[in-house]
$ cat coords.cif   # mmCIF, C-alpha atoms and all ligand atoms
data_query
#
loop_
_atom_site.label_atom_id
_atom_site.label_comp_id
_atom_site.auth_asym_id
_atom_site.auth_seq_id
_atom_site.Cartn_x
_atom_site.Cartn_y
_atom_site.Cartn_z
CA MET A 1 26.58 55.93 31.35
CA ARG A 2 23.08 57.05 32.29
CA ARG A 3 21.80 60.31 30.81
CA LEU A 4 21.38 63.05 33.41
CA TYR A 5 18.75 65.63 32.48
CA VAL A 6 19.54 69.15 33.67
CA PHE A 7 16.52 71.18 34.79
CA ASP A 8 17.22 74.86 35.28
CA THR A 9 14.90 76.78 37.59
CA THR A 10 16.83 80.07 37.76
CA LEU A 11 13.82 81.84 36.28
CA ARG A 12 11.34 80.32 38.76
CA ASP A 13 12.87 79.13 42.07
CA GLY A 14 15.91 81.38 41.53
CA GLU A 15 13.67 84.35 40.96
CA GLN A 16 12.00 83.63 44.33
CA SER A 17 15.14 85.09 45.96
CA LEU A 18 14.42 88.15 48.04
CA GLY A 19 15.05 91.24 45.94
CA ILE A 20 14.84 89.66 42.49
CA THR A 21 11.99 90.34 40.10
CA LEU A 22 12.72 89.74 36.45
CA ASN A 23 10.72 91.23 33.62
CA VAL A 24 9.91 89.48 30.35
CA LYS A 25 12.96 90.84 28.51
CA GLU A 26 15.34 89.89 31.31
CA LYS A 27 13.92 86.39 31.59
CA LEU A 28 14.16 85.91 27.86
CA GLU A 29 17.80 87.02 27.80
CA ILE A 30 18.70 84.55 30.55
CA GLY A 31 16.63 81.86 28.82
CA GLN A 32 18.56 82.37 25.56
CA GLN A 33 21.83 81.91 27.42
CA LEU A 34 20.49 78.76 29.14
CA VAL A 35 19.81 77.32 25.69
CA LYS A 36 23.46 78.00 24.77
CA LEU A 37 24.49 76.32 28.00
CA GLY A 38 22.59 73.26 26.84
CA VAL A 39 20.21 72.60 29.73
CA ASP A 40 17.39 70.16 28.96
CA VAL A 41 14.57 71.97 30.77
CA ILE A 42 13.97 75.64 31.49
CA GLU A 43 11.43 76.30 34.21
CA ALA A 44 10.35 79.71 32.99
CA GLY A 45 8.08 80.73 35.86
CA PHE A 46 4.86 80.26 37.81
CA PRO A 47 2.18 81.63 35.47
CA ALA A 48 -0.55 81.88 38.12
CA SER A 49 1.65 83.98 40.40
CA SER A 50 1.33 87.26 38.47
CA PRO A 51 0.32 88.62 35.06
CA GLY A 52 3.98 89.50 34.45
CA ASP A 53 5.10 85.94 35.04
CA LEU A 54 2.32 84.59 32.86
CA GLU A 55 3.60 86.84 30.07
CA SER A 56 7.20 85.75 30.67
CA VAL A 57 6.35 82.07 30.39
CA ARG A 58 4.27 82.76 27.29
CA THR A 59 7.13 84.67 25.62
CA ILE A 60 9.79 82.11 26.52
CA ALA A 61 7.56 79.29 25.29
CA LYS A 62 7.15 81.08 21.97
CA GLU A 63 10.78 82.16 21.50
CA LEU A 64 12.98 79.35 22.80
CA LYS A 65 13.07 76.17 20.76
CA GLY A 66 14.86 72.84 21.08
CA VAL A 67 14.43 72.78 24.85
CA ILE A 68 11.63 71.74 27.22
CA ILE A 69 9.84 74.79 28.62
CA CYS A 70 8.20 74.20 31.94
CA GLY A 71 5.77 76.16 34.10
CA LEU A 72 5.01 75.61 37.78
CA THR A 73 1.53 75.18 39.21
CA ARG A 74 -0.11 74.24 42.47
CA ALA A 75 -2.33 71.17 42.25
CA VAL A 76 -5.35 73.27 41.35
CA VAL A 77 -7.18 73.58 38.06
CA GLN A 78 -6.94 77.38 37.77
CA ASP A 79 -3.13 77.24 37.94
CA ILE A 80 -2.97 74.37 35.46
CA ASP A 81 -5.30 76.14 33.00
CA LEU A 82 -3.13 79.27 33.09
CA CYS A 83 0.08 77.30 32.78
CA ALA A 84 -1.22 75.33 29.81
CA GLU A 85 -2.28 78.55 28.15
CA ALA A 86 1.18 80.10 28.74
CA LEU A 87 2.90 77.03 27.30
CA ARG A 88 0.69 76.81 24.20
CA LYS A 89 3.43 77.85 21.78
CA ALA A 90 6.18 75.76 23.35
CA GLU A 91 7.84 73.15 21.14
CA TYR A 92 8.22 70.85 24.16
CA PRO A 93 5.87 71.96 26.96
CA ARG A 94 5.98 70.55 30.47
CA ILE A 95 3.59 71.27 33.34
CA HIS A 96 5.18 70.97 36.79
CA THR A 97 2.43 70.44 39.32
CA GLY A 98 2.47 69.21 42.89
CA ILE A 99 1.45 69.43 46.50
CA GLY A 100 2.95 69.24 50.00
CA VAL A 101 3.37 65.73 51.38
CA SER A 102 5.02 66.21 54.79
CA PRO A 103 2.87 66.14 57.97
CA VAL A 104 3.46 69.84 58.64
CA HIS A 105 2.50 70.83 55.08
CA MET A 106 -0.59 68.60 55.01
CA GLU A 107 -1.88 69.46 58.49
CA LYS A 108 -0.87 73.09 58.93
CA LYS A 109 -0.67 74.55 55.44
CA LEU A 110 -3.10 72.54 53.36
CA LYS A 111 -5.39 71.31 56.15
CA LEU A 112 -5.88 68.08 54.22
CA THR A 113 -5.71 64.43 55.26
CA PRO A 114 -3.12 62.20 53.56
CA ASP A 115 -5.91 60.55 51.53
CA GLN A 116 -7.11 63.93 50.32
CA VAL A 117 -3.55 64.86 49.32
CA VAL A 118 -3.21 61.70 47.22
CA GLU A 119 -6.58 62.42 45.62
CA GLN A 120 -5.67 66.04 44.81
CA ALA A 121 -2.22 65.05 43.47
CA VAL A 122 -3.70 62.42 41.15
CA ALA A 123 -6.45 64.77 39.99
CA ALA A 124 -3.91 67.50 39.19
CA VAL A 125 -1.70 65.18 37.15
CA LYS A 126 -4.70 63.81 35.23
CA TYR A 127 -5.94 67.33 34.58
CA ALA A 128 -2.50 68.52 33.36
CA LYS A 129 -2.27 65.46 31.07
CA LYS A 130 -5.31 66.76 29.18
CA TYR A 131 -3.08 69.59 27.98
CA VAL A 132 0.44 68.12 27.66
CA SER A 133 2.01 64.68 27.58
CA ASP A 134 4.96 65.73 29.74
CA VAL A 135 3.85 66.27 33.34
CA GLU A 136 6.27 66.55 36.23
CA PHE A 137 4.93 66.05 39.74
CA TYR A 138 6.63 67.61 42.80
CA ALA A 139 6.09 66.16 46.23
CA GLU A 140 6.77 69.33 48.19
CA ASP A 141 8.79 68.86 51.40
CA ALA A 142 9.33 65.22 50.42
CA PHE A 143 12.39 64.92 52.61
CA ARG A 144 10.35 65.52 55.79
CA SER A 145 7.55 63.20 54.70
CA ASP A 146 6.91 59.62 55.72
CA PRO A 147 8.77 57.57 53.06
CA ILE A 148 5.95 55.00 52.91
CA PHE A 149 3.39 57.70 52.28
CA LEU A 150 5.73 59.37 49.78
CA ALA A 151 6.03 56.09 47.85
CA ARG A 152 2.23 55.81 47.79
CA VAL A 153 1.85 59.36 46.41
CA ILE A 154 4.55 58.81 43.78
CA GLU A 155 3.14 55.47 42.64
CA ASN A 156 -0.31 57.01 42.25
CA VAL A 157 0.84 60.06 40.30
CA ILE A 158 2.88 57.88 37.94
CA SER A 159 -0.22 55.75 37.35
CA ALA A 160 -2.05 59.00 36.60
CA GLY A 161 0.53 59.84 33.92
CA ALA A 162 3.41 61.75 35.57
CA THR A 163 6.53 61.43 33.43
CA VAL A 164 8.93 62.94 35.96
CA VAL A 165 8.69 62.75 39.76
CA ASN A 166 10.45 65.44 41.74
CA ILE A 167 11.50 64.60 45.32
CA PRO A 168 12.42 67.99 46.82
CA ASP A 169 14.27 68.75 50.00
CA THR A 170 12.26 71.96 50.12
CA VAL A 171 13.79 73.30 53.32
CA GLY A 172 17.37 72.08 52.88
CA TYR A 173 17.21 69.80 55.92
CA ALA A 174 18.83 66.66 54.51
CA ASN A 175 22.42 65.53 54.58
CA PRO A 176 23.88 63.60 51.64
CA TRP A 177 23.54 60.07 52.97
CA GLU A 178 19.96 60.68 54.16
CA TYR A 179 18.90 62.22 50.86
CA GLY A 180 20.60 59.42 48.91
CA GLU A 181 18.69 56.89 51.01
CA LEU A 182 15.38 58.65 50.33
CA ILE A 183 15.95 58.54 46.57
CA GLN A 184 16.94 54.89 46.84
CA SER A 185 13.80 54.15 48.87
CA VAL A 186 11.60 55.82 46.23
CA ILE A 187 13.27 53.77 43.50
CA GLN A 188 12.91 50.52 45.47
CA ASN A 189 9.41 50.99 46.86
CA VAL A 190 7.51 52.55 43.98
CA ASN A 191 6.39 49.65 41.78
CA ASN A 192 5.97 51.61 38.56
CA ILE A 193 9.07 53.83 38.99
CA ASP A 194 10.50 52.63 35.65
CA LYS A 195 7.73 54.65 33.94
CA ALA A 196 9.10 57.99 35.19
CA ILE A 197 12.33 59.90 35.69
CA VAL A 198 13.22 60.62 39.31
CA SER A 199 14.32 64.21 39.86
CA VAL A 200 16.36 65.74 42.68
CA HIS A 201 15.60 69.26 43.87
CA CYS A 202 17.58 70.51 46.85
CA HIS A 203 17.86 73.67 48.88
CA ASN A 204 20.95 74.98 50.58
CA ASP A 205 19.83 75.86 54.11
CA LEU A 206 22.58 73.71 55.63
CA GLY A 207 25.02 74.30 52.77
CA MET A 208 24.53 70.81 51.38
CA ALA A 209 22.39 71.27 48.29
CA THR A 210 25.12 70.25 45.83
CA ALA A 211 26.27 67.30 47.94
CA ASN A 212 22.67 66.13 48.43
CA SER A 213 21.94 66.39 44.71
CA LEU A 214 25.01 64.30 43.89
CA ALA A 215 23.97 61.71 46.48
CA GLY A 216 20.53 61.56 44.84
CA ILE A 217 22.08 61.15 41.40
CA LYS A 218 24.32 58.37 42.69
CA ALA A 219 21.24 56.66 44.12
CA GLY A 220 19.62 56.63 40.66
CA ALA A 221 17.97 59.99 39.99
CA GLY A 222 17.91 60.89 36.29
CA GLN A 223 17.25 64.61 36.55
CA VAL A 224 18.85 67.34 38.65
CA GLU A 225 17.19 70.68 39.36
CA GLY A 226 18.96 73.85 40.35
CA THR A 227 19.84 77.41 39.53
CA ILE A 228 22.80 79.30 38.15
CA ASN A 229 24.97 80.69 40.96
CA GLY A 230 22.72 78.80 43.39
CA ILE A 231 20.31 81.70 43.72
CA GLY A 232 16.95 81.04 45.35
CA GLU A 233 14.74 81.59 48.35
CA ARG A 234 16.54 81.81 51.75
CA ALA A 235 19.99 80.18 51.34
CA GLY A 236 19.28 79.30 47.72
CA ASN A 237 19.05 76.22 45.54
CA THR A 238 21.56 73.70 44.26
CA SER A 239 24.15 75.49 42.09
CA LEU A 240 23.86 73.76 38.74
CA GLU A 241 27.42 74.73 37.79
CA GLU A 242 28.71 72.92 40.88
CA VAL A 243 26.85 69.71 40.06
CA ILE A 244 27.87 69.82 36.41
CA MET A 245 31.53 70.39 37.19
CA SER A 246 31.56 67.80 39.98
CA ILE A 247 30.44 65.27 37.41
CA TYR A 248 32.92 66.62 34.86
CA THR A 249 35.88 66.22 37.20
CA ARG A 250 35.30 62.48 37.60
CA ARG A 251 36.52 60.08 34.94
CA ASP A 252 33.31 58.01 35.33
CA GLY A 253 31.16 61.15 35.78
CA TYR A 254 29.46 59.37 38.71
CA GLY A 255 28.01 57.08 36.05
CA VAL A 256 26.03 59.86 34.34
CA GLU A 257 26.50 62.30 31.50
CA SER A 258 24.70 65.51 30.60
CA LYS A 259 24.68 67.50 27.39
CA VAL A 260 25.66 70.77 29.04
CA ASN A 261 28.35 72.81 27.29
CA THR A 262 30.60 73.61 30.24
CA ARG A 263 32.35 76.39 28.29
CA GLU A 264 29.20 78.51 28.65
CA ILE A 265 29.18 78.30 32.45
CA SER A 266 31.14 81.46 33.16
CA ALA A 267 29.17 83.57 30.67
CA THR A 268 25.88 82.26 32.09
CA SER A 269 26.95 83.01 35.65
CA ARG A 270 28.01 86.57 34.77
CA LEU A 271 24.78 87.23 32.89
CA VAL A 272 22.59 85.95 35.73
CA SER A 273 24.55 88.03 38.22
CA ARG A 274 24.30 91.18 36.10
CA ILE A 275 20.58 90.84 35.38
CA THR A 276 19.48 89.75 38.87
CA GLY A 277 21.84 92.12 40.68
CA VAL A 278 22.93 89.25 42.94
CA THR A 279 26.71 89.33 43.16
CA VAL A 280 28.63 86.07 43.22
CA PRO A 281 30.90 85.80 46.29
CA ASP A 282 34.60 85.89 45.32
CA HIS A 283 35.20 82.47 46.87
CA LYS A 284 32.13 80.79 45.32
CA ALA A 285 32.95 77.36 43.88
CA ILE A 286 33.44 77.27 40.08
CA VAL A 287 32.24 80.81 39.26
CA GLY A 288 33.66 83.01 42.04
CA ALA A 289 36.25 85.61 41.00
CA ASN A 290 38.89 83.76 43.02
CA ALA A 291 38.06 80.25 41.82
CA PHE A 292 41.10 80.23 39.50
CA ASN A 293 43.16 82.87 41.28
CA HIS A 294 46.29 81.82 43.14
CA ALA A 295 47.38 84.22 45.85
CA SER A 296 49.96 82.57 48.09
CA GLY A 297 53.62 81.83 47.38
CA ILE A 298 53.63 78.03 47.70
CA HIS A 299 50.53 77.65 45.51
CA GLN A 300 51.79 80.14 42.93
CA ASP A 301 55.14 78.41 42.69
CA GLY A 302 53.39 75.04 42.26
CA VAL A 303 50.98 76.28 39.60
CA LEU A 304 53.78 77.96 37.66
CA LYS A 305 55.62 74.62 37.60
CA ASP A 306 52.53 72.51 36.80
CA ARG A 307 48.93 73.74 36.93
CA GLU A 308 47.67 70.42 38.23
CA THR A 309 49.40 71.03 41.55
CA TYR A 310 46.62 73.38 42.67
CA GLU A 311 44.00 73.34 39.89
CA ILE A 312 41.40 70.57 39.68
CA ILE A 313 39.63 72.24 36.76
CA GLN A 314 41.19 74.14 33.89
CA PRO A 315 39.54 77.57 33.77
CA GLU A 316 39.12 77.28 29.99
CA THR A 317 36.69 74.39 30.61
CA ILE A 318 34.12 76.80 32.01
CA GLY A 319 34.94 79.61 29.59
CA VAL A 320 37.44 81.56 31.70
CA PRO A 321 40.42 82.30 29.40
CA LYS A 322 43.17 81.74 31.96
CA ASN A 323 44.06 81.39 35.60
CA PHE A 324 45.43 84.31 37.63
CA ILE A 325 48.45 84.87 39.77
CA SER A 326 47.67 87.71 42.15
CA LEU A 327 50.57 89.35 43.90
CA THR A 328 50.17 89.74 47.65
CA ALA A 329 52.42 89.85 50.70
CA ARG A 330 52.20 86.03 50.65
CA SER A 331 53.65 85.77 47.12
CA GLY A 332 57.15 84.46 46.49
CA ARG A 333 59.98 85.38 44.13
CA HIS A 334 58.79 82.95 41.45
CA ALA A 335 55.37 84.63 41.15
CA LEU A 336 56.90 88.10 41.14
CA GLN A 337 59.36 87.11 38.45
CA HIS A 338 56.51 85.59 36.40
CA CYS A 339 54.35 88.73 36.66
CA LEU A 340 57.28 90.97 35.77
CA GLU A 341 58.02 88.77 32.79
CA GLU A 342 54.42 89.15 31.61
CA LEU A 343 54.97 92.91 31.63
CA GLY A 344 58.15 92.51 29.60
CA TYR A 345 60.77 92.67 32.40
CA LYS A 346 63.39 89.96 32.64
CA VAL A 347 64.69 90.04 36.20
CA GLU A 348 67.05 87.50 37.77
CA GLY A 349 69.60 86.95 40.54
CA ALA A 350 70.55 89.95 42.67
CA GLN A 351 68.18 92.26 40.80
CA LEU A 352 65.28 89.94 41.54
CA ASP A 353 66.28 89.85 45.24
CA ASP A 354 66.32 93.63 45.34
CA VAL A 355 62.98 94.07 43.59
CA TYR A 356 61.47 91.33 45.77
CA GLN A 357 62.47 93.13 49.01
CA ARG A 358 60.93 96.38 47.78
CA PHE A 359 57.88 94.46 46.54
CA LEU A 360 57.36 92.95 50.03
CA GLN A 361 57.51 96.36 51.68
CA LEU A 362 54.81 97.57 49.30
CA ALA A 363 52.74 94.38 49.55
CA ASP A 364 52.60 94.66 53.35
CA LEU A 365 50.84 98.00 52.88
CA LYS A 366 48.37 96.82 50.22
CA LYS A 367 45.92 93.95 49.79
CA GLU A 368 47.14 93.32 46.27
CA VAL A 369 50.02 94.58 44.12
CA PHE A 370 48.89 95.43 40.61
CA ASP A 371 50.70 95.85 37.29
CA GLN A 372 50.78 99.61 37.79
CA ASP A 373 52.64 99.11 41.09
CA LEU A 374 55.13 96.83 39.35
CA TYR A 375 55.91 99.50 36.77
CA VAL A 376 56.62 101.94 39.61
CA LEU A 377 58.78 99.34 41.41
CA MET A 378 60.80 98.86 38.24
CA GLY A 379 61.13 102.64 37.99
CA ASP A 380 61.30 102.53 34.21
CA SER A 381 64.88 101.50 34.85
CA GLY A 382 65.44 100.38 31.31
CA SER A 383 65.75 96.76 32.39
CA THR A 384 62.93 95.58 30.15
CA ALA A 385 63.75 92.57 28.04
O1 LIG B 401 11.52 73.41 46.83
C1 LIG B 401 10.44 72.97 46.39
O2 LIG B 401 9.80 72.10 46.95
C2 LIG B 401 9.97 73.55 45.13
C3 LIG B 401 8.77 72.91 44.48
C4 LIG B 401 7.70 73.92 44.26
C5 LIG B 401 9.20 72.22 43.23
O3 LIG B 401 10.55 74.47 44.62
ZN ZN B 402 12.57 74.70 45.46
#
$ encode --input "coords.cif" --output "structure tokens"
Amino acid sequence: MRRLYVFDTTLRDGEQSLGITLNVKEKLEIGQQLVKLGVDVIEAGFPASSPGDLESVRTIAKELKGVIICGLTRAVVQDIDLCAEALRKAEYPRIHTGIGVSPVHMEKKLKLTPDQVVEQAVAAVKYAKKYVSDVEFYAEDAFRSDPIFLARVIENVISAGATVVNIPDTVGYANPWEYGELIQSVIQNVNNIDKAIVSVHCHNDLGMATANSLAGIKAGAGQVEGTINGIGERAGNTSLEEVIMSIYTRRDGYGVESKVNTREISATSRLVSRITGVTVPDHKAIVGANAFNHASGIHQDGVLKDRETYEIIQPETIGVPKNFISLTARSGRHALQHCLEELGYKVEGAQLDDVYQRFLQLADLKKEVFDQDLYVLMGDSGSTA
């Protein structure tokens, strides 16, 4: 098994979501929970972006121990100086610096030639190395770059001292087999790649961030970057909980293992949602309210006989105490009987048939039938067990 390092960027790329601005206290609270979750790296912010973010990174670096604390910079000395200052009290500091490498980023945004980009990338890594030994380099928009040029940039930054090389699909344009091939091409064509960890960083514009990250891991990446609940700019980032649980569900874990404590996933998701104000859709994989909720008769009957019929993950694994059987117009007798039993009613045979008919009439009028409705249906008839 290869070790997979988990890099959480909820507090940096996640915070770039429209409508989220986290203050120092909020970032620290999320950071403390991320430590409980057992991530390897917390990207605490982008210190040069605002005085508030500088202060957040400084506070997190001082308070959170036993984990790598990372700050983002552009490949410019002012950013790196500020980041290094913010990380001064970190037990394990990492500077994450980088530059755009795709034609559109180099020509239109940076107005630099490819040679100038290589020069600036190398200079930034060398400059960051004066402050910290752990320097991660991001090749922004790597997926839309020329793979030969990308390999040249990566080889040069590793020679300059980069310990981790991040190959982002910044605009979420890749599909899994293409992204897997890009990671493979970096690993094959960069001569000194054994001196650094390859990191995958995907965005979800086409809904493929998790799949692309897994493809990159399968191709040999040793670090995955993402956010809790998949929050992030535009359509968001890779959902870390999805990647972690995808690996968990496989006996061979796709050949990798992380040190994440999956039982903290639900608590982390709820905290991030509460503090950011970004609600998790009910049907969201792993952490949505319906992820362990069975609503239709055939599924409910199956789950009541054996959970494995319709559950690929036991809810307890992510810290959810139990699964749910929700009563709807699609529920069958078995589910109704089970829910009544949980309320203390033992109903069988003709009585069950009668209650079931009345239940269906009610269920057709409502989205969901709750315990309170069941009490009314039973009419306090004295038939409790
Ligand atoms: O998506 C991206 O390219 C990034 C980098 C700044 C790491 O977030
Ligand atoms: Zn990103």
$ residues_near_point --input "coords.cif" --point "(23.0, 84.5, 36.5)" --cutoff "6 Å" --atoms "all atoms listed in the file" --output "list in words"
Ile228, Thr268, Ser269, Arg270, Leu271, Val272 and Ser273 of chain A
$ write_last_selection --input "coords.cif" --atoms "C-alpha atoms" --output "PDB file, in the frame of the given file"
ATOM      1  CA  ILE A 228      22.800  79.300  38.150  1.00  0.00           C
ATOM      2  CA  THR A 268      25.880  82.260  32.090  1.00  0.00           C
ATOM      3  CA  SER A 269      26.950  83.010  35.650  1.00  0.00           C
ATOM      4  CA  ARG A 270      28.010  86.570  34.770  1.00  0.00           C
ATOM      5  CA  LEU A 271      24.780  87.230  32.890  1.00  0.00           C
ATOM      6  CA  VAL A 272      22.590  85.950  35.730  1.00  0.00           C
ATOM      7  CA  SER A 273      24.550  88.030  38.220  1.00  0.00           C
TER       8      SER A 273
END
$ closest_atom_pairs --input "coords.cif" --of "chain A" --to "ligand LIG 401 (chain B)" --cutoff "7 Å" --atoms "only C-alpha atoms and all ligand atoms" --output "CSV"
residue,atom,partner,partner_atom,distance
A:Asp13,CA,B:LIG401,O3,5.8
A:Tyr138,CA,B:LIG401,C5,5.3
A:Glu140,CA,B:LIG401,O2,4.3
A:Asp141,CA,B:LIG401,O2,5.6
A:Pro168,CA,B:LIG401,O2,4.9
A:Asp169,CA,B:LIG401,O1,6.3
A:Thr170,CA,B:LIG401,O1,3.7
A:Val171,CA,B:LIG401,O1,6.9
A:His201,CA,B:LIG401,O1,6.5
A:Cys202,CA,B:LIG401,O1,6.7
A:His203,CA,B:LIG401,O1,6.7
$ residues_around --input "coords.cif" --residues "A:Leu214" --least-positions-apart "5" --cutoff "9 Å" --atoms "all atoms listed in the file" --output "JSON, numbers by chain"
{"A": [176, 180, 200, 209, 219, 224, 243, 246, 247, 254]}
$ closest_residue --input "coords.cif" --among "A:Thr10, A:Ser296, A:Ser49, A:Gln351" --to "ligand ZN 402 (chain B)" --atoms "only C-alpha atoms and all ligand atoms"
A:Thr10
$ residues_around --input "coords.cif" --residues "A:Ala121" --least-positions-apart "2" --cutoff "8 Å" --atoms "all atoms listed in the file" --output "number ranges by chain"
A: 75, 98-99, 117-119, 123-125, 153, 157
$ residues_around --input "coords.cif" --residues "stretch 302-313 of chain A" --least-positions-apart "2" --cutoff "8 Å" --atoms "all atoms listed in the file" --output "list in words"
Thr249, Phe292, Ile298, His299, Gln300, Pro315, Thr317 and Ala335 of chain A
$ closest_residue --input "coords.cif" --among "A:Asn192, A:Asn204, A:Asn323, A:Ser56" --to "ligand ZN 402 (chain B)" --atoms "only C-alpha atoms and all ligand atoms"
A:Asn204
$ closest_residue --input "coords.cif" --among "A:Val6, A:Ile265, A:Leu72, A:Val278" --to "ligand ZN 402 (chain B)" --atoms "only C-alpha atoms and all ligand atoms"
A:Leu72
$ atom_distance --input "coords.cif" --atom1 "atom CA of A:Glu178" --atom2 "atom CA of A:Pro147"
11.7 Å
